[in-house]
Amino acid sequence: MITCDFYLSNRIKTISGNSMRTCWNTFKNDFGEAKSELCKVKVIYESGTESHYAPKDFISLALDNL
């Protein structure tokens, strides 16, 4: 399980899932109208390691990870 913090213009949406792809799909389905506000994404892995991504990099990785 991982947690993704989606940083928007004036708020943060936190979504947990089995993969980056799952988190991205949940974000799109629940907050699709806010995609244009996305500033960065922080991914927190089960180990506690964090990675920060620009939106385009996160989306690319999420779609590549099956």
# chains A, B, ... in the order shown; residues from 1 in each chain; ligands from 1
>>> select_by_dssp(residues="stretch 28-65 of chain A", states="strand (DSSP E or B)", output="MDAnalysis selection string")
chainID A and resid 40:44 50:53
>>> residues_around(residues="stretch 45-52 of chain A", least_positions_apart="5", cutoff="7 Å", atoms="only C-alpha atoms", output="list in words")
Met1, Ile2 and Thr3 of chain A
>>> write_last_selection(atoms="N, CA and C atoms", output="PDB file, in the first residue's frame")
ATOM      1  N   MET A   1       0.850  -1.169   0.000  1.00  0.00           N
ATOM      2  CA  MET A   1       0.000   0.000   0.000  1.00  0.00           C
ATOM      3  C   MET A   1       0.901   1.239   0.000  1.00  0.00           C
ATOM      4  N   ILE A   2       0.525   2.200  -0.802  1.00  0.00           N
ATOM      5  CA  ILE A   2       1.232   3.481  -0.834  1.00  0.00           C
ATOM      6  C   ILE A   2       0.223   4.601  -0.614  1.00  0.00           C
ATOM      7  N   THR A   3       0.737   5.758  -0.261  1.00  0.00           N
ATOM      8  CA  THR A   3      -0.099   6.941  -0.087  1.00  0.00           C
ATOM      9  C   THR A   3       0.427   8.021  -1.021  1.00  0.00           C
TER      10      THR A   3
END
>>> atom_distance(atom1="atom CA of A:Ala62", atom2="atom CA of A:Met20")
4.9 Å
>>> atom_distance(atom1="atom CA of A:Phe31", atom2="atom CA of A:Ser16")
14.3 Å
>>> residues_around(residues="A:Tyr7", least_positions_apart="2", cutoff="8 Å", atoms="only C-alpha atoms", output="JSON, numbers by chain")
{"A": [5, 9, 10, 11, 12, 13, 38, 39, 40, 41, 42]}
>>> write_last_selection(atoms="C-alpha atoms", output="PDB file, in the first residue's frame")
ATOM      1  CA  ASP A   5      -0.514  13.390  -1.591  1.00  0.00           C
ATOM      2  CA  SER A   9      -3.381  25.167  -5.825  1.00  0.00           C
ATOM      3  CA  ASN A  10      -4.848  25.647  -2.350  1.00  0.00           C
ATOM      4  CA  ARG A  11      -5.308  22.174  -0.848  1.00  0.00           C
ATOM      5  CA  ILE A  12      -3.913  18.643  -0.641  1.00  0.00           C
ATOM      6  CA  LYS A  13      -5.823  15.479  -1.489  1.00  0.00           C
ATOM      7  CA  LEU A  38      -2.068  19.810  -9.712  1.00  0.00           C
ATOM      8  CA  CYS A  39       1.310  21.242  -8.627  1.00  0.00           C
ATOM      9  CA  LYS A  40       3.182  18.167  -7.372  1.00  0.00           C
ATOM     10  CA  VAL A  41       2.650  14.661  -6.001  1.00  0.00           C
ATOM     11  CA  LYS A  42       4.316  13.155  -2.948  1.00  0.00           C
TER      12      LYS A  42
END
>>> closest_residue(among="A:Val43, A:Ala34, A:Arg21, A:Phe27", to="A:Cys4", atoms="only C-alpha atoms")
A:Val43
>>> atom_distance(atom1="atom CA of A:Leu8", atom2="atom CA of A:Ala54")
11.7 Å
>>> select_by_dssp(residues="chain A", states="alpha helix (DSSP H)", output="MDAnalysis selection string")
chainID A and resid 20:31 55:64
>>> write_last_selection(atoms="N, CA and C atoms", output="tab-separated table (two decimals), in the first residue's frame")
chain	number	residue	atom	x	y	z
A	20	MET	N	0.73	3.38	-7.69
A	20	MET	CA	0.59	4.75	-8.15
A	20	MET	C	-0.55	4.86	-9.16
A	21	ARG	N	-0.68	3.85	-9.99
A	21	ARG	CA	-1.76	3.85	-10.99
A	21	ARG	C	-3.13	3.88	-10.31
A	22	THR	N	-3.30	3.08	-9.25
A	22	THR	CA	-4.56	3.06	-8.52
A	22	THR	C	-4.86	4.42	-7.92
A	23	CYS	N	-3.85	5.02	-7.30
A	23	CYS	CA	-4.03	6.36	-6.71
A	23	CYS	C	-4.39	7.38	-7.77
A	24	TRP	N	-3.72	7.33	-8.91
A	24	TRP	CA	-3.99	8.28	-9.99
A	24	TRP	C	-5.41	8.11	-10.52
A	25	ASN	N	-5.83	6.87	-10.72
A	25	ASN	CA	-7.19	6.62	-11.22
A	25	ASN	C	-8.24	7.11	-10.21
A	26	THR	N	-8.00	6.89	-8.93
A	26	THR	CA	-8.92	7.38	-7.90
A	26	THR	C	-8.97	8.90	-7.91
A	27	PHE	N	-7.81	9.54	-8.00
A	27	PHE	CA	-7.77	11.00	-8.06
A	27	PHE	C	-8.57	11.51	-9.26
A	28	LYS	N	-8.33	10.92	-10.43
A	28	LYS	CA	-9.04	11.37	-11.64
A	28	LYS	C	-10.55	11.20	-11.50
A	29	ASN	N	-10.97	10.06	-10.94
A	29	ASN	CA	-12.40	9.79	-10.80
A	29	ASN	C	-13.06	10.70	-9.77
A	30	ASP	N	-12.37	10.95	-8.66
A	30	ASP	CA	-12.97	11.72	-7.57
A	30	ASP	C	-12.75	13.23	-7.69
A	31	PHE	N	-11.65	13.63	-8.29
A	31	PHE	CA	-11.29	15.05	-8.34
A	31	PHE	C	-10.84	15.48	-9.73
A	55	PRO	N	3.86	16.81	-11.74
A	55	PRO	CA	2.69	16.09	-12.22
A	55	PRO	C	2.95	15.22	-13.45
A	56	LYS	N	3.64	15.75	-14.46
A	56	LYS	CA	3.84	14.97	-15.69
A	56	LYS	C	4.71	13.74	-15.42
A	57	ASP	N	5.69	13.86	-14.51
A	57	ASP	CA	6.53	12.72	-14.17
A	57	ASP	C	5.76	11.65	-13.42
A	58	PHE	N	4.92	12.09	-12.47
A	58	PHE	CA	4.10	11.15	-11.72
A	58	PHE	C	3.16	10.39	-12.65
A	59	ILE	N	2.49	11.11	-13.53
A	59	ILE	CA	1.53	10.48	-14.45
A	59	ILE	C	2.25	9.47	-15.34
A	60	SER	N	3.40	9.85	-15.84
A	60	SER	CA	4.17	8.94	-16.69
A	60	SER	C	4.53	7.67	-15.94
A	61	LEU	N	5.02	7.81	-14.70
A	61	LEU	CA	5.36	6.64	-13.89
A	61	LEU	C	4.13	5.80	-13.55
A	62	ALA	N	3.03	6.49	-13.18
A	62	ALA	CA	1.82	5.77	-12.80
A	62	ALA	C	1.28	4.94	-13.96
A	63	LEU	N	1.37	5.48	-15.16
A	63	LEU	CA	0.84	4.76	-16.32
A	63	LEU	C	1.78	3.66	-16.78
A	64	ASP	N	3.08	3.79	-16.46
A	64	ASP	CA	4.04	2.76	-16.81
A	64	ASP	C	4.03	1.59	-15.85
